[in-house]
Each structure stands twice: as C-alpha cells, then as structure tokens.
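Here the structure comes first, spelled out in structure tokens, and everything after it is commentary.
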2 protein chains.
Amino acid sequence: MSELRLTARQTADFELLANGGFAPVEGFQGHAAWETVTESMRLPDSRPWPIPVTLPSETGEVGETLTLIGHEGTRLGTLVVEEVYERDLQREAQQVYRTTDDSHPGVAALYREGSRTLAGPIQADALPSHIDAVAPYVMTPDQTRAAFAERGWSTVVGFQTRNPIHRAHEYLTKAALEIVDGLFIHPIVGETKDDDIPAGTRMRCYEVLIEHYYPAERVLLGINPAAMRYAGPREAIFHALVRANYGCTHFIVGRDHAGVGDWYGTYDAQKIFEEFEPGELGIEPLRFEHAFWCKISGGMATTKTSPSGPEDRVFLSGTKVREMLGRGERPPQEFTRPEVADVLIDAYAGEPAPV
Amino acid sequence: MSELRLTARQTADFELLANGGFAPVEGFQGHAAWETVTESMRLPDSRPWPIPVTLPSETGEVGETLTLIGHEGTRLGTLVVEEVYERDLQREAQQVYRTTDDSHPGVAALYREGSRTLAGPIQADALPSHIDAVAPYVMTPDQTRAAFAERGWSTVVGFQTRNPIHRAHEYLTKAALEIVDGLFIHPIVGETKDDDIPAGTRMRCYEVLIEHYYPAERVLLGINPAAMRYAGPREAIFHALVRANYGCTHFIVGRDHAGVGDWYGTYDAQKIFEEFEPGELGIEPLRFEHAFWCKISGGMATTKTSPSGPEDRVFLSGTKVREMLGRGERPPQEFTRPEVADVLIDAYAGEPAPV
C-alpha cells in the first residue's frame, strides 16, 4: 500500500476529521463540496461550512488506498482515493480569504500546497502525537462534552486564541463566563505564522494564568489542533463550528477575529454571523470590543463600558510589548499578569520557564 | 360620576396599564384572569403573566363608570366597572408570594388592600405626576423603544433595581452590556419598604454614577413606576415582562432577585425562567452571581470568575454600610464609588445632595 506523508496542516485536518471536530465533514472534501463551500459557505446539503477541507497531493490515484503518515511520524490510518481534481486556487483564495495576494499568509499557504487534490473517506487508526507541553490538553469533542457534563455545565463559552492571554482577553473570557456555566479556553496549536508565539510557550502562559486568576471549577483548558488560516470572517465561522462540535454553546468573537494585517474590516468577523439563520450554527456568538485597563473606573473595560478617552487607557502595541519582554521587563500589570510576563520573558531569553 | 381615589400602588398600576408597560394586560383584571394568573402564571389565553393586576376597593358597583384620581391628585381617567368580585387573599398570597405570613411586606400590602375587587377596562386621560427628581426620567414604552432605535441599539439589557448602585451592581450591568448594544437602567420608583432608600435620593445616585463611570452613548436611565411586591421569583418574571414591553431584549436576574428576608431560595428567581418555553417571554434572562472586589485579581468579579476565597473579597453588610454613611464616612471605593457615597452621606444627614 502506498504511503502519503501529510504536511503539518494536513495532519491537523486529519485529527479534526477523525475526532469529530469537523463534523459533519468526515473526509477530505471532493470537488462538489469544494465548490459549494467556496461559493456559499455551505455543504452540498446546505449545512453551513465556510472553509474547504482538502488534501492537496502530487501523488495518489483514484481507486488507491493510501496509508497516511502524520508529519510528526505517526501512522494515522488510510484514505480511499475516490476523486482526484484540480482546485482553482485563485478562486478559493478570493472567496475564502477575500484576496488573491500571496502576501496574505493563508493565501501563501494555499498556493504552496498546490491545486492537485485527493478526496475520499478516511479511516483513523491513531491520532497524531503532540509536543509534551500540549499533550496533556489533547481531548476529543466526545471527551470535552463528557467533561462539561461531569462539571454540570449546560452552557459553555469557547475562547479561541493563538496568543498568550493578556489582561484584555482575560477580561473578555470572564465577562462571557459571567453569563454561562463554564469557560473552555481552547487555543489553536496547529501551524501559525513564524512571528506568532509557539504553542509550547503559550501553554505555560495559560497554565499560570488559570492557576492564579481563574476559579479551577469554572474553566477547562484544551487544545484545538487546527492550523490558523488567518481567513478572518470565514475563519470565525469555522472556529465557531469546531467549538460547537467540542460542546460549546457560546463563542467569543472579538474585533478582527482570525484576521491578520489590514485584510479585513474590524467588525467583518462579527457581522458574518448574520448571514446564517438563528440556531443554524448550533452556537451563539458573543461579540466583544477591544478591552483595556480604564484609569477612570479603575478596572478592565471596553469602549462600551468605559467612560474614558484614549488618554485614560493603558494600551501597549504588540511591538512595544515584545521589546519590553525581550529586555526582560514586565509590561505594566494592567496589561499583563506578572506570572504570564515571566513565562514570556524566559521564553524570549531562551530559558525554560519556571513552571 | 363617582370618583375613586387610588392608592399609591394602584396609581402605579394604572400608569403601567395606560402606558403599555403591562401589555398585554390593559385593564384591572377580573376573576377569570385572577384565577389563571394566580394558579399558573398565565392569562386565560395562556400567555405568561405572573402577578394579578387588581383594583381592590370598598366602593364601586357593576355598570358604574368611575373617575379615577391618582394618589398624588391627578385626574387620571375612568374605569368602567364590569365585574365586582372577592379575591381569596390567602390563596393569592400562597401562590404568588409562596407564604401567607403577613410579616412578608408584599403579603402585608395585599392583606391591607382587602378582598373586594373591581375589574374592567380603563380609559387614560392623563398619567400620574412624579416628584421632581423622578419626572425627567419618565418615559413610556413607546418612548424608550424609540430612544433605543434612535441610538441604533438592536439588543438592550434592562436592569431592575430598588437600591443605589454600588460597585457590585455596576459590575453586573457592565458585564451584561459587553454582549449587547445598550444598557437600560430602570429603577423601580413606586412604593417600597420603609427601610429602602427613597427614589429621589436614588435618582441622584444613578445620575452621578452614570455621569462619572459609564459612557453616555451606551446607557439610558428611565424609571419603572411600579410598586415593589417583594415576590421574588414571580416578581422576577413580572419585572422581565415589563422590561420586554419597554423594549429590552435581555434582563439581568441576580441572586435573590426581588426577594426579601429569607422567603426565597437564592436561585429561585433564576430557576423560575425555566418554567417558560424559550422565546415565550420575549426577553432573555442573564443570570448573575453576587459580585465583589477580588483582591487577588485586583478587580470586580463573582464566584464564577474569581479565584479568591471569602478572605480575599471586599464585602460589607448592608448594616455596616448604613452605619458608615450615617457617620458621614465613605465606604471603601472597592465597594461604592465616592460620588455615590457622597450623595448617600448627604441624604443620611438630611442635606440636599450637591448635584
């Protein structure tokens, strides 16, 4: 039987197809599904699905059964090749990413993988392995649903992130948690941009933050193996549907969710939810503004809840924060919890974090 | 034409019948409605309604048209007496208040008004007048709906209160506001218990709080003329339905909402919403825990979002706060904003507040 070695992002997609995170999608999609998903954010049977799940490959022929090897080396299972087709990558880029410009990291990744595409059902014999920092937090959707039920949570808000959680996002997760039973912090640990902070470091940040600043019985930390697409609005829907599969009833959608650079309007990822009927996605978006420390009210707030002007807010640019951490300086505690800052300072210095 | 002088609580009910705040109830209810409302929290046509709206009176006969005079002296309009009946006050007390004990202030008020009851449609020629501190904030449901629309709010959370707003409730209103477009602070200004703080003082508290700590474009202050019933769970439904009529889409329900003493379980007023079908009430309850300043996270939080134990929380009893204010001392700023404390200190000292 021929072997097919998957890329990192294909390995992540395999895991989510196999564990139910991409339900109702169960295999790598063929041309008919690619077409409807790309054009209308729907599967051929009209259920919502915003980004094609495809397996580009130079090899593999119709009728073959391929052994799939994860990028990290695990023998994952098999694919029965039912279809080989060429995707129109420019069209996919334009529809999914709203641009054909390969300076967009998601578009660049799309072009790199090529247009020849295999499709068919998979059989999963194993799930991919993860680095030690991530492995304890790997859970399938069945496992997270069971964990929520065990805790008696009937409503759970999911939080997607590809960054350390600073005060701003801590505030959003807590504001959301106030109106539901539990919080599922579900960072994405698949492929990200080179300048994003690696998953291993981030997991330590999440651990110290939860340990010190959240009540343990109201929070669960898990990981989403997916790669980031940076597809903005379409990826917000994608992220929400995956979290619905993991058992969340609510999903936090901030400004510029899953965006990068200036490719998307600030509220595009919030507005796109209006293109679906109420209840159709099986999860309710909670839309948030940017948060900051407000010096007037002496607490975290957003433009919706703070009487302050910009001069009364503690705001630091990403560049400024990276500079401070690189010099071994903690950002102000109104911006980052000191325990989180210390993990990042150690990571910037190349030292193992003291956790 | 005979005149009927209304009590303060009847005058308040007249205003809400006349302005649409009690829709779909449009007149003082007859025996059939009293029966279904009392027994099953529903009108005879099965729409939700939790507390009877009745007009007890020793005078008035079937067929008479009575001129209604508000307790403050306004000639309000007329009532066509279609029915005179005796209410079973013990049964109403047991069903609505869950007790027949007249040490419950709502039950005591019920018994005081007596069992002979007039029913029939009203015609409103005028609405009751209000004290100067309240008058600027009187709005009908049509007017608040127009105000919400003018501000572009499609989702609005209503906040019921019969107290000054301290930090705890400020926090709940802001947490709720984060997920909707606007906040409607809607204190009840009708009859309350003797030891509750008078409406005039409270309005000044709300004014200084909003002026200093909320963004003006996200908050509207109005008043609910209703009398407090202290009926706990049933009154939570009552409060929610009235706010739905005023145009709110969401409603804050804290612990022990509309409760008094130990008559109701902590979560009874939250759980009762489960007795209605989703969508049936036309407003979504947002259930909150008690809030406090958490010394560990350095901010407001609840037991759901704070890692603290009781020793790490700033908590003051109502008695303690009243003692401090009576001595002219501001409670800690983690408990009450200083501007609000000053209004209350002046009120306790019998001085006009400097606003």
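Labels for the structure tokens follow display order: chains A, B, ..., residues from 1 in each chain, ligands from 1.
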
Once you count only C-alpha atoms, what closest atom pair and distance in Å to one decimal does each residue of chain B within 8 Å of chain A have, with rows by chain and rising residue number, as JSON lines?
{"residue": "B:Lys174", "atom": "CA", "partner": "A:Thr305", "partner_atom": "CA", "distance": 5.8}
{"residue": "B:Ala175", "atom": "CA", "partner": "A:Ala175", "partner_atom": "CA", "distance": 5.2}
{"residue": "B:Ala176", "atom": "CA", "partner": "A:Ala175", "partner_atom": "CA", "distance": 7.7}
{"residue": "B:Leu177", "atom": "CA", "partner": "A:Thr305", "partner_atom": "CA", "distance": 7.0}
{"residue": "B:Glu178", "atom": "CA", "partner": "A:Phe288", "partner_atom": "CA", "distance": 6.4}
{"residue": "B:Ile179", "atom": "CA", "partner": "A:Leu286", "partner_atom": "CA", "distance": 5.9}
{"residue": "B:His212", "atom": "CA", "partner": "A:Pro307", "partner_atom": "CA", "distance": 7.0}
{"residue": "B:Tyr213", "atom": "CA", "partner": "A:Pro307", "partner_atom": "CA", "distance": 5.6}
{"residue": "B:Tyr214", "atom": "CA", "partner": "A:Pro307", "partner_atom": "CA", "distance": 4.9}
{"residue": "B:Pro215", "atom": "CA", "partner": "A:Pro307", "partner_atom": "CA", "distance": 4.3}
{"residue": "B:Ala216", "atom": "CA", "partner": "A:Pro307", "partner_atom": "CA", "distance": 7.5}
{"residue": "B:Arg218", "atom": "CA", "partner": "A:Lys304", "partner_atom": "CA", "distance": 6.5}
{"residue": "B:Leu286", "atom": "CA", "partner": "A:Ile179", "partner_atom": "CA", "distance": 5.9}
{"residue": "B:Arg287", "atom": "CA", "partner": "A:Ile179", "partner_atom": "CA", "distance": 6.0}
{"residue": "B:Phe288", "atom": "CA", "partner": "A:Glu178", "partner_atom": "CA", "distance": 6.4}
{"residue": "B:Glu289", "atom": "CA", "partner": "A:Glu178", "partner_atom": "CA", "distance": 7.7}
{"residue": "B:Ile296", "atom": "CA", "partner": "A:Tyr213", "partner_atom": "CA", "distance": 7.4}
{"residue": "B:Ser297", "atom": "CA", "partner": "A:Tyr213", "partner_atom": "CA", "distance": 6.0}
{"residue": "B:Gly299", "atom": "CA", "partner": "A:Gly299", "partner_atom": "CA", "distance": 6.0}
{"residue": "B:Met300", "atom": "CA", "partner": "A:Gly299", "partner_atom": "CA", "distance": 7.7}
{"residue": "B:Thr302", "atom": "CA", "partner": "A:Glu178", "partner_atom": "CA", "distance": 7.6}
{"residue": "B:Thr303", "atom": "CA", "partner": "A:Pro215", "partner_atom": "CA", "distance": 7.7}
{"residue": "B:Lys304", "atom": "CA", "partner": "A:Arg218", "partner_atom": "CA", "distance": 6.4}
{"residue": "B:Thr305", "atom": "CA", "partner": "A:Lys174", "partner_atom": "CA", "distance": 5.8}
{"residue": "B:Ser306", "atom": "CA", "partner": "A:Tyr214", "partner_atom": "CA", "distance": 5.7}
{"residue": "B:Pro307", "atom": "CA", "partner": "A:Pro215", "partner_atom": "CA", "distance": 4.3}
{"residue": "B:Ser308", "atom": "CA", "partner": "A:Pro215", "partner_atom": "CA", "distance": 7.7}

message: For the structure I just gave you, how does DSSP split region 130-179 of chain A - specifically, which residues are strand (DSSP E)? Reply as an NGL selection string.
response: :A and (156-159)

Could you write those residues out with all heavy atoms, as a PDB file, in the first residue's frame?
ATOM      1  N   VAL A 156     -21.612  26.655  27.906  1.00  0.00           N
ATOM      2  CA  VAL A 156     -20.148  26.763  27.923  1.00  0.00           C
ATOM      3  C   VAL A 156     -19.721  27.729  26.828  1.00  0.00           C
ATOM      4  O   VAL A 156     -20.136  27.588  25.669  1.00  0.00           O
ATOM      5  CB  VAL A 156     -19.480  25.397  27.644  1.00  0.00           C
ATOM      6  CG1 VAL A 156     -17.961  25.521  27.720  1.00  0.00           C
ATOM      7  CG2 VAL A 156     -19.989  24.326  28.596  1.00  0.00           C
ATOM      8  N   VAL A 157     -18.896  28.705  27.197  1.00  0.00           N
ATOM      9  CA  VAL A 157     -18.379  29.611  26.174  1.00  0.00           C
ATOM     10  C   VAL A 157     -16.969  29.186  25.780  1.00  0.00           C
ATOM     11  O   VAL A 157     -16.125  28.900  26.637  1.00  0.00           O
ATOM     12  CB  VAL A 157     -18.399  31.086  26.654  1.00  0.00           C
ATOM     13  CG1 VAL A 157     -17.519  31.320  27.867  1.00  0.00           C
ATOM     14  CG2 VAL A 157     -18.005  32.022  25.512  1.00  0.00           C
ATOM     15  N   GLY A 158     -16.738  29.096  24.479  1.00  0.00           N
ATOM     16  CA  GLY A 158     -15.426  28.738  23.944  1.00  0.00           C
ATOM     17  C   GLY A 158     -14.617  29.976  23.621  1.00  0.00           C
ATOM     18  O   GLY A 158     -15.157  30.973  23.141  1.00  0.00           O
ATOM     19  N   PHE A 159     -13.326  29.914  23.921  1.00  0.00           N
ATOM     20  CA  PHE A 159     -12.438  31.020  23.598  1.00  0.00           C
ATOM     21  C   PHE A 159     -11.306  30.521  22.716  1.00  0.00           C
ATOM     22  O   PHE A 159     -10.521  29.657  23.129  1.00  0.00           O
ATOM     23  CB  PHE A 159     -11.867  31.673  24.865  1.00  0.00           C
ATOM     24  CG  PHE A 159     -10.936  32.818  24.577  1.00  0.00           C
ATOM     25  CD1 PHE A 159     -11.391  33.947  23.912  1.00  0.00           C
ATOM     26  CD2 PHE A 159      -9.594  32.765  24.942  1.00  0.00           C
ATOM     27  CE1 PHE A 159     -10.534  35.009  23.622  1.00  0.00           C
ATOM     28  CE2 PHE A 159      -8.735  33.829  24.660  1.00  0.00           C
ATOM     29  CZ  PHE A 159      -9.205  34.944  24.000  1.00  0.00           C
TER      30      PHE A 159
END

task: List every residue of region 47-277 of chain A that DSSP, applied to the backbone of this structure, places in alpha helix (DSSP H), and write the result as a VMD selection string.
output: chain A and resid 89 to 92 105 to 113 141 to 150 167 to 177 199 to 213 233 to 245 268 to 271

Find the residues near Pro128 (chain B): any atom within 10 Å, counting only C-alpha atoms, skip ones fewer than 2 places away on the same chain, and give them as a short mmCIF file (atom, residue, chain, number, x, y, z; two decimals) with N, CA, C and O atoms, in the first residue's frame.
data_model
loop_
_atom_site.label_atom_id
_atom_site.label_comp_id
_atom_site.auth_asym_id
_atom_site.auth_seq_id
_atom_site.Cartn_x
_atom_site.Cartn_y
_atom_site.Cartn_z
N THR B 11 -52.18 53.57 41.72
CA THR B 11 -51.82 54.63 40.78
C THR B 11 -50.68 54.17 39.88
O THR B 11 -50.69 54.41 38.66
N ALA B 12 -49.72 53.49 40.47
CA ALA B 12 -48.59 52.96 39.69
C ALA B 12 -49.08 51.92 38.68
O ALA B 12 -48.67 51.91 37.51
N PHE B 14 -52.08 51.75 37.41
CA PHE B 14 -52.79 52.49 36.37
C PHE B 14 -51.82 53.01 35.31
O PHE B 14 -52.05 52.88 34.11
N GLU B 15 -50.70 53.58 35.77
CA GLU B 15 -49.74 54.15 34.81
C GLU B 15 -49.21 53.08 33.86
O GLU B 15 -49.11 53.30 32.65
N ILE B 69 -58.81 58.98 40.42
CA ILE B 69 -57.93 60.05 40.86
C ILE B 69 -56.66 59.41 41.43
O ILE B 69 -56.74 58.53 42.28
N GLY B 70 -55.52 59.85 40.92
CA GLY B 70 -54.26 59.30 41.41
C GLY B 70 -54.01 59.68 42.85
O GLY B 70 -54.54 60.69 43.34
N HIS B 71 -53.20 58.93 43.53
CA HIS B 71 -52.92 59.22 44.95
C HIS B 71 -52.24 60.58 45.09
O HIS B 71 -52.33 61.22 46.13
N GLU B 72 -51.59 61.04 44.00
CA GLU B 72 -50.91 62.34 44.04
C GLU B 72 -51.85 63.45 43.56
O GLU B 72 -51.46 64.61 43.50
N GLY B 73 -53.11 63.09 43.18
CA GLY B 73 -54.11 64.11 42.88
C GLY B 73 -54.50 64.28 41.42
O GLY B 73 -55.45 64.99 41.11
N THR B 74 -53.78 63.61 40.51
CA THR B 74 -54.11 63.76 39.09
C THR B 74 -55.43 63.06 38.76
O THR B 74 -55.70 61.96 39.24
N ARG B 75 -56.27 63.72 37.96
CA ARG B 75 -57.47 63.09 37.42
C ARG B 75 -57.02 62.24 36.24
O ARG B 75 -56.68 62.74 35.17
N LEU B 76 -56.94 60.92 36.45
CA LEU B 76 -56.25 60.04 35.50
C LEU B 76 -57.11 59.59 34.33
O LEU B 76 -56.63 59.42 33.22
N ALA B 126 -54.79 61.00 31.43
CA ALA B 126 -53.53 61.59 31.89
C ALA B 126 -52.74 60.50 32.60
O ALA B 126 -53.29 59.48 33.01
N HIS B 130 -44.99 62.79 38.88
CA HIS B 130 -43.93 62.23 39.73
C HIS B 130 -43.15 63.36 40.37
O HIS B 130 -43.15 64.50 39.88
N PRO B 225 -42.51 52.94 37.17
CA PRO B 225 -43.35 53.47 38.23
C PRO B 225 -43.89 52.44 39.20
O PRO B 225 -44.45 52.79 40.24
#

- prompt: Taking only C-alpha atoms into account, which of B:Tyr230, B:Trp263, B:Trp293, B:Tyr137 comes nearest Glu207 (chain B)?
  reply: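 Checking each candidate against Glu207 (chain B), we get B:Tyr137 as the closest.
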
message: Just want the 7 Å neighbourhood of region 31-40 of chain B, counted on only C-alpha atoms, with same-chain residues fewer than 6 positions away dropped. Output as a list in words.
response: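 Surrounding residues, per the criterion: Trp49, Pro50, Ile51, Pro52, Tyr85, Glu92, Gln95 and Val96 of chain B.
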
field: Neighbour list for Ile272 (chain B) as number ranges by chain, cut-off 8 Å, only C-alpha atoms, skip fewer than 5 positions in-chain
entry: B: 233-234, 237

Go ahead and dump the residues you just picked, C-alpha atoms, as a PDB file, in the first residue's frame.
ATOM      1  CA  PRO B 233     -39.335  34.505  41.628  1.00  0.00           C
ATOM      2  CA  ARG B 234     -42.771  35.581  40.369  1.00  0.00           C
ATOM      3  CA  ILE B 237     -40.846  37.226  35.688  1.00  0.00           C
TER       4      ILE B 237
END

Exercise: Ile122 (chain A) partners within 6 Å, only C-alpha atoms, chain neighbours under 3 positions left out, as an MDAnalysis selection string: chainID A and resid 27 78:79

Print the selection's residues with N, CA, C and O atoms to a file, as an mmCIF file, in the first residue's frame.
data_model
loop_
_atom_site.group_PDB
_atom_site.id
_atom_site.type_symbol
_atom_site.label_atom_id
_atom_site.label_comp_id
_atom_site.auth_asym_id
_atom_site.auth_seq_id
_atom_site.Cartn_x
_atom_site.Cartn_y
_atom_site.Cartn_z
ATOM 1 N N GLY A 27 -14.447 13.392 5.785
ATOM 2 C CA GLY A 27 -13.297 13.012 4.970
ATOM 3 C C GLY A 27 -12.813 14.226 4.196
ATOM 4 O O GLY A 27 -13.421 15.304 4.270
ATOM 5 N N THR A 78 -5.863 5.347 6.912
ATOM 6 C CA THR A 78 -5.880 5.229 5.450
ATOM 7 C C THR A 78 -6.868 6.199 4.826
ATOM 8 O O THR A 78 -7.810 6.672 5.474
ATOM 9 N N LEU A 79 -6.609 6.467 3.557
ATOM 10 C CA LEU A 79 -7.529 7.248 2.727
ATOM 11 C C LEU A 79 -7.854 6.426 1.492
ATOM 12 O O LEU A 79 -6.937 5.922 0.824
#

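For Leu325 (chain A), the non-local neighbours within 7 Å, defined as residues at least 5 positions apart in the same chain or in other chains and counting only C-alpha atoms, are Arg330, Leu344, Ile345 and Tyr348 of chain A.
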
Write the residues you've just listed into a file as a compact mmCIF listing (two decimals), in the first residue's frame, and include N, CA, C and O atoms for each of them.
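again-v8.txt written:
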# COMPACT_ATOMS: atom_id res chain seq x y z
N ARG A 330 8.88 43.28 32.72
CA ARG A 330 7.44 43.00 32.74
C ARG A 330 6.67 44.21 32.22
O ARG A 330 6.91 45.33 32.68
N LEU A 344 6.90 34.60 29.48
CA LEU A 344 7.29 35.14 28.18
C LEU A 344 8.73 35.68 28.21
O LEU A 344 9.48 35.51 27.25
N ILE A 345 9.10 36.29 29.32
CA ILE A 345 10.48 36.80 29.45
C ILE A 345 11.46 35.64 29.36
O ILE A 345 12.46 35.71 28.63
N TYR A 348 11.62 34.45 25.77
CA TYR A 348 12.40 35.35 24.92
C TYR A 348 13.89 35.17 25.19
O TYR A 348 14.72 35.31 24.31
